[in-house]
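First the structure, in the form of structure tokens, and then the observations on it.
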Amino acid sequence: LRRGSSFTFLTPGAHWDFTLKRKRREKEDDVVSLNSLDLKEPSTKRIRPLARVTSLANLISPVRNGAVRRFGQTFQSFALRSDNKSPGCAQKSRSAAPTPPKRRNSVLWSEMLDVNMKESLSTKEIKRQEAIYEMFRGEQDLIEDLKLARKAYHDPMLKLSIMSEEELTHIFGDLDSYIPLHEDLLASLGEATKPDGTVEQIGPILVKWLPRLHAYKGYCSNQLAAKALLDQKKQDRRVQDFLQRCLESPFSRKLDLWSFLDIPRSRLVKYPLLLREILRHTPKDHPDIHVLQEAISIIQGVLSDINLKKGESECQYYIDKLEYLDERQRDPRIEGSKALLCHGELKSKNGHKLHVFLFQDILVLTRPVTRNERQVFQVYRQPIPVQELLLEDLQDGDVKMGGSFRGAFGNSDKAKNIFRVRSREPCPGHSHTLQANDVFHKQQWVSCLRSAIGPFPGPESRENIPDCSQ
């Protein structure tokens with residue numbers, strides 16, 4: 001110490017008091033830092049940057065109210081502060097060690113039994129109760145995740161004006177309205193559970209409840225459009241950063257937003273598997289046998305109806321995205337389509353990327369283009385009605401019918417995974433040689449096309465189709 005300077009000797013107790021005060025001041029600085037997000041001018045006061053906070057989601061999520069779970073994809077980060085602030089803080093947050101994710105409890109039903117109870121039950125009965133308990137726990141998890149989607153994603157993004165209310169409604173739909181539906185099943189299962197933890201009959205409960213799943217028709221039908229809008233919004237740096245911070249927070253369990261939004265669909269397809277598992281371990285003389293078989297029939301009917309409605313919605317979604325360069329390309333069979341049999345990316349003989357749609361009655365080749373940040377599909381050549389469609393499965397390196405494939409699909413000496421489609425009428429622009437990405441996708445296309453044209457056998461052979469392809 002310099003001569004004349006003064007200092008105070010702190011006792012251990014006093015030093016502790018000082019430390020507590022300093023920590024309290026640091027917490028107050030954190031509050032100032034968060035409140036300063038709304039200020040237009042940066043404060044000159046030295047404050048703790050937002051990057052030091054574990055994640056934004058910790059400030060707004062319901063983590064402290066209960067456990068949460070599942071799903072994930074990484075996104076790039078953006079700073080919630082204004083762009084004129086130093087990017088150093090954003091870099092710092094990216095390099096910070098991620099918080100360990102929270103995990104769900106995976107305790108089995110049999111692990112909660114006492115020794116005497118376990119010995120009194122047969123192995124088959126224990127497996128049956130395990131299957132019933134798995135359904136019970138699945139409903140609990142689903143309810144928690146539906147509540148999480150609203151509280152940790154929807155409400156904060158609305159409050160912080162990261163997305164508009166209309167956009168969030170389009171993406172999230174009526175998601176939280178399904179919570180009471182699943183809570184009713186959970187309550188019924190709870191009432192049917194005896195004091196020893198076993199459930200005698202579950203069949204009547206399921207037969208009564210499963211038809212209510214028809215309520216998911218609208219939600220599942222909107223998923224394609226909702227996913228497209230969410231992918232579009234991810235181009236916004238504010239959305240990117242919010243989703244990244246959520247992904248790095250414990251409540252997300254390294255699962256992304258779409259995984260949470262897709263939970264209802266993934267849960268629906270599990271019900272038949274769960275019911276069959278319960279049925280498999282149910283004794284043949286048990287009163288649940290026939291009722292469970294009826295429940296399986298009910299859920300299959302529900303899923304069939306939802307798939308039909310979802311398919312119609314997907315079909316209409318792509319029809320609305322078609323762009324015609326010539327009015328003669330329009331065909332009433334396109335507008336009237338209710339089913340999209342298959343679609344995907346293929347290459348033309350000249351190596352151009354095409355997106356091909358096989359509707360129930362017509363084949364449409366398109367070129368994907370972007371219009372005002374919106375993807376549309378520009379109709380390429382003339383659509384071919386299925387009843388007039390001819391298909392030829394070509395071999396790798398095939399050079400017959402006067403059309404050499406050498407160099408047609410890039411630098412490879414042999415064109416692979418190719419097939420040809422054309423109209424029965426030999427009109428210009430009605431024949432197309434197409435290449436799939438791999439043999440698996442080629443087989444899928446060939447199989448789908450054959451199934452579509454099967455009911456329309458033609459008098460002429462499908463061999464020796466002239467190569468006038470584009």
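Labels used: A, B, ... for chains in the order of the structure tokens, numbers from 1 for residues in each chain, and numbers from 1 for ligands as shown.
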
So that I can check the secondary structure, give me every residue of region 159-235 of chain A assigned helix (DSSP H, G or I) by backbone DSSP, as a VMD selection string. chain A and resid 159 165 to 172 175 to 192 203 to 221 223 to 233

Which is closer to Phe242 (chain A) than all the others in A:Ile289, A:Leu275, A:Leu168, A:Met157, using only C-alpha atoms? A:Met157

Please identify all polymer residues within 9 Å of Asn222 (chain A), counting only C-alpha atoms, omitting same-chain residues fewer than 5 positions from it, and present them as a PyMOL selection string. chain A and resi 170-171+173+217+227+310+313-314

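Take the candidates A:Lys309, A:Lys124, A:His432, A:Arg212 and check each one against Asn350 (chain A) using only C-alpha atoms; the shortest distance goes to A:His432.
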
Filtered DSSP result for region 178-415 of chain A, state strand (DSSP E or B), as a PyMOL selection string: chain A and resi 193+199+322-323+340-347+353-359+362-371+374-379+384-385+389-393

So which residues touch Leu146 (chain A) within 8 Å, counting only C-alpha atoms, skipping near sequence neighbours fewer than 6 positions away, as a ChimeraX atom specification? /A:175-176,179,260

Give me, as a JSON list (two decimals) with N, CA and C atoms, in the first residue's frame, all polymer residues having an atom no more than 12 Å from region 187-204 of chain A, counting only C-alpha atoms and skipping those fewer than 2 positions away in the same chain.
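Now in part-v7.json:
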```json
[["chain", "number", "residue", "atom", "x", "y", "z"],
["A", 109, "TRP", "N", -43.46, -49.72, -14.55],
["A", 109, "TRP", "CA", -44.54, -49.95, -13.60],
["A", 109, "TRP", "C", -44.11, -50.98, -12.56],
["A", 110, "SER", "N", -43.44, -52.03, -13.00],
["A", 110, "SER", "CA", -43.05, -53.10, -12.08],
["A", 110, "SER", "C", -42.03, -52.65, -11.06],
["A", 111, "GLU", "N", -41.28, -51.59, -11.37],
["A", 111, "GLU", "CA", -40.27, -51.09, -10.44],
["A", 111, "GLU", "C", -40.88, -50.35, -9.27],
["A", 112, "MET", "N", -42.17, -50.01, -9.38],
["A", 112, "MET", "CA", -42.84, -49.30, -8.30],
["A", 112, "MET", "C", -43.59, -50.25, -7.36],
["A", 113, "LEU", "N", -43.58, -51.54, -7.67],
["A", 113, "LEU", "CA", -44.27, -52.52, -6.84],
["A", 113, "LEU", "C", -43.40, -53.00, -5.70],
["A", 114, "ASP", "N", -44.03, -53.37, -4.61],
["A", 114, "ASP", "CA", -43.26, -54.01, -3.55],
["A", 114, "ASP", "C", -43.06, -55.48, -3.91],
["A", 116, "ASN", "N", -43.77, -58.33, -2.44],
["A", 116, "ASN", "CA", -44.91, -59.24, -2.26],
["A", 116, "ASN", "C", -45.92, -59.10, -3.39],
["A", 117, "MET", "N", -46.18, -57.86, -3.81],
["A", 117, "MET", "CA", -47.14, -57.63, -4.88],
["A", 117, "MET", "C", -46.62, -58.21, -6.20],
["A", 118, "LYS", "N", -45.36, -58.04, -6.46],
["A", 118, "LYS", "CA", -44.78, -58.54, -7.70],
["A", 118, "LYS", "C", -44.84, -60.07, -7.76],
["A", 120, "SER", "N", -47.10, -61.92, -6.47],
["A", 120, "SER", "CA", -48.48, -62.39, -6.58],
["A", 120, "SER", "C", -49.03, -62.29, -8.00],
["A", 121, "LEU", "N", -48.32, -61.62, -8.91],
["A", 121, "LEU", "CA", -48.78, -61.45, -10.28],
["A", 121, "LEU", "C", -47.99, -62.34, -11.23],
["A", 125, "GLU", "N", -49.35, -60.91, -16.66],
["A", 125, "GLU", "CA", -50.12, -59.81, -16.10],
["A", 125, "GLU", "C", -49.23, -58.59, -15.87],
["A", 126, "ILE", "N", -48.01, -58.83, -15.43],
["A", 126, "ILE", "CA", -47.07, -57.71, -15.24],
["A", 126, "ILE", "C", -46.82, -57.00, -16.56],
["A", 127, "LYS", "N", -46.65, -57.77, -17.64],
["A", 127, "LYS", "CA", -46.43, -57.16, -18.95],
["A", 127, "LYS", "C", -47.67, -56.39, -19.42],
["A", 128, "ARG", "N", -48.83, -56.91, -19.09],
["A", 128, "ARG", "CA", -50.07, -56.21, -19.45],
["A", 128, "ARG", "C", -50.18, -54.88, -18.72],
["A", 129, "GLN", "N", -49.90, -54.91, -17.44],
["A", 129, "GLN", "CA", -49.94, -53.68, -16.65],
["A", 129, "GLN", "C", -48.86, -52.69, -17.10],
["A", 130, "GLU", "N", -47.71, -53.21, -17.52],
["A", 130, "GLU", "CA", -46.64, -52.35, -18.05],
["A", 130, "GLU", "C", -47.13, -51.61, -19.30],
["A", 131, "ALA", "N", -47.84, -52.33, -20.17],
["A", 131, "ALA", "CA", -48.36, -51.73, -21.41],
["A", 131, "ALA", "C", -49.41, -50.67, -21.11],
["A", 132, "ILE", "N", -50.27, -50.94, -20.13],
["A", 132, "ILE", "CA", -51.28, -49.96, -19.74],
["A", 132, "ILE", "C", -50.62, -48.73, -19.13],
["A", 133, "TYR", "N", -49.61, -48.96, -18.30],
["A", 133, "TYR", "CA", -48.90, -47.85, -17.66],
["A", 133, "TYR", "C", -48.16, -47.01, -18.71],
["A", 134, "GLU", "N", -47.64, -47.67, -19.75],
["A", 134, "GLU", "CA", -46.96, -46.93, -20.82],
["A", 134, "GLU", "C", -47.92, -45.97, -21.50],
["A", 135, "MET", "N", -49.16, -46.41, -21.71],
["A", 135, "MET", "CA", -50.17, -45.51, -22.28],
["A", 135, "MET", "C", -50.46, -44.36, -21.33],
["A", 136, "PHE", "N", -50.58, -44.66, -20.04],
["A", 136, "PHE", "CA", -50.84, -43.63, -19.03],
["A", 136, "PHE", "C", -49.73, -42.59, -19.01],
["A", 137, "ARG", "N", -48.48, -43.05, -18.97],
["A", 137, "ARG", "CA", -47.35, -42.12, -18.94],
["A", 137, "ARG", "C", -47.24, -41.33, -20.23],
["A", 139, "GLU", "N", -49.69, -40.28, -22.06],
["A", 139, "GLU", "CA", -50.66, -39.19, -21.99],
["A", 139, "GLU", "C", -50.15, -38.07, -21.10],
["A", 140, "GLN", "N", -49.52, -38.42, -19.99],
["A", 140, "GLN", "CA", -48.93, -37.40, -19.12],
["A", 140, "GLN", "C", -47.89, -36.57, -19.87],
["A", 180, "PRO", "N", -57.49, -30.69, -22.71],
["A", 180, "PRO", "CA", -58.60, -31.30, -21.95],
["A", 180, "PRO", "C", -58.98, -32.68, -22.46],
["A", 181, "LEU", "N", -58.86, -32.91, -23.77],
["A", 181, "LEU", "CA", -59.20, -34.20, -24.35],
["A", 181, "LEU", "C", -58.34, -35.30, -23.72],
["A", 182, "HIS", "N", -57.04, -35.06, -23.65],
["A", 182, "HIS", "CA", -56.13, -36.07, -23.10],
["A", 182, "HIS", "C", -56.20, -36.11, -21.57],
["A", 183, "GLU", "N", -56.53, -35.00, -20.96],
["A", 183, "GLU", "CA", -56.71, -35.01, -19.51],
["A", 183, "GLU", "C", -57.91, -35.88, -19.12],
["A", 184, "ASP", "N", -58.93, -35.92, -19.98],
["A", 184, "ASP", "CA", -60.09, -36.77, -19.70],
["A", 184, "ASP", "C", -59.69, -38.25, -19.70],
["A", 185, "LEU", "N", -58.86, -38.65, -20.68],
["A", 185, "LEU", "CA", -58.40, -40.04, -20.70],
["A", 185, "LEU", "C", -57.56, -40.35, -19.47],
["A", 206, "LEU", "N", -61.35, -46.98, -23.51],
["A", 206, "LEU", "CA", -60.80, -46.62, -24.82],
["A", 206, "LEU", "C", -61.88, -46.57, -25.89],
["A", 207, "VAL", "N", -62.81, -47.52, -25.86],
["A", 207, "VAL", "CA", -63.89, -47.53, -26.85],
["A", 207, "VAL", "C", -64.71, -46.24, -26.77],
["A", 208, "LYS", "N", -64.90, -45.75, -25.58],
["A", 208, "LYS", "CA", -65.66, -44.51, -25.39],
["A", 208, "LYS", "C", -64.85, -43.27, -25.77],
["A", 209, "TRP", "N", -63.53, -43.30, -25.54],
["A", 209, "TRP", "CA", -62.70, -42.11, -25.71],
["A", 209, "TRP", "C", -62.12, -41.95, -27.12],
["A", 210, "LEU", "N", -61.71, -43.03, -27.76],
["A", 210, "LEU", "CA", -60.98, -42.95, -29.03],
["A", 210, "LEU", "C", -61.70, -42.19, -30.14],
["A", 274, "LEU", "N", -49.88, -49.38, -29.17],
["A", 274, "LEU", "CA", -50.09, -49.53, -27.73],
["A", 274, "LEU", "C", -51.25, -50.48, -27.44],
["A", 275, "LEU", "N", -52.33, -50.35, -28.20],
["A", 275, "LEU", "CA", -53.49, -51.22, -27.98],
["A", 275, "LEU", "C", -53.16, -52.67, -28.31],
["A", 276, "ARG", "N", -52.41, -52.87, -29.39],
["A", 276, "ARG", "CA", -52.03, -54.25, -29.74],
["A", 276, "ARG", "C", -51.12, -54.85, -28.68],
["A", 278, "ILE", "N", -51.17, -54.13, -25.45],
["A", 278, "ILE", "CA", -52.03, -54.49, -24.32],
["A", 278, "ILE", "C", -52.80, -55.77, -24.63],
["A", 279, "LEU", "N", -53.34, -55.84, -25.85],
["A", 279, "LEU", "CA", -54.10, -57.02, -26.26],
["A", 279, "LEU", "C", -53.23, -58.28, -26.26],
["A", 282, "THR", "N", -53.04, -59.76, -22.86],
["A", 282, "THR", "CA", -54.31, -59.96, -22.17],
["A", 282, "THR", "C", -54.75, -61.42, -22.34],
["A", 283, "PRO", "N", -55.04, -62.13, -21.27],
["A", 283, "PRO", "CA", -55.49, -63.53, -21.38],
["A", 283, "PRO", "C", -56.74, -63.65, -22.24],
["A", 286, "HIS", "N", -60.09, -63.05, -20.70],
["A", 286, "HIS", "CA", -60.26, -61.77, -20.01],
["A", 286, "HIS", "C", -61.39, -60.98, -20.69],
["A", 287, "PRO", "N", -62.22, -60.29, -19.92],
["A", 287, "PRO", "CA", -63.33, -59.51, -20.52],
["A", 287, "PRO", "C", -62.87, -58.39, -21.44],
["A", 288, "ASP", "N", -61.60, -58.01, -21.38],
["A", 288, "ASP", "CA", -61.08, -56.93, -22.23],
["A", 288, "ASP", "C", -60.81, -57.37, -23.67],
["A", 289, "ILE", "N", -60.72, -58.68, -23.92],
["A", 289, "ILE", "CA", -60.28, -59.17, -25.21],
["A", 289, "ILE", "C", -61.08, -58.57, -26.37],
["A", 290, "HIS", "N", -62.37, -58.79, -26.39],
["A", 290, "HIS", "CA", -63.20, -58.33, -27.51],
["A", 290, "HIS", "C", -63.34, -56.81, -27.53],
["A", 291, "VAL", "N", -63.32, -56.21, -26.36],
["A", 291, "VAL", "CA", -63.45, -54.75, -26.31],
["A", 291, "VAL", "C", -62.19, -54.08, -26.86],
["A", 292, "LEU", "N", -61.02, -54.64, -26.57],
["A", 292, "LEU", "CA", -59.77, -54.11, -27.11],
["A", 292, "LEU", "C", -59.72, -54.27, -28.62],
["A", 293, "GLN", "N", -60.22, -55.37, -29.14],
["A", 293, "GLN", "CA", -60.27, -55.56, -30.59],
["A", 293, "GLN", "C", -61.17, -54.49, -31.23],
["A", 294, "GLU", "N", -62.26, -54.18, -30.56],
["A", 294, "GLU", "CA", -63.13, -53.11, -31.05],
["A", 294, "GLU", "C", -62.42, -51.76, -31.00],
["A", 295, "ALA", "N", -61.65, -51.53, -29.93],
["A", 295, "ALA", "CA", -60.91, -50.27, -29.79],
["A", 295, "ALA", "C", -59.88, -50.12, -30.91],
["A", 296, "ILE", "N", -59.21, -51.21, -31.27],
["A", 296, "ILE", "CA", -58.22, -51.17, -32.36],
["A", 296, "ILE", "C", -58.91, -50.83, -33.68],
["A", 298, "ILE", "N", -61.62, -49.08, -34.00],
["A", 298, "ILE", "CA", -62.02, -47.67, -33.92],
["A", 298, "ILE", "C", -60.85, -46.75, -34.26]]
```

Pick from A:Pro383, A:Val302, A:Leu354, A:Cys315: nearest to Gln329 (chain A), with only C-alpha atoms counted?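 Smallest separation from Gln329 (chain A) among the options: A:Pro383.
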
Atomic distance CA of Gln244 (chain A) - CA of Val376 (chain A), expressed in Å with one decimal: 28.5 Å
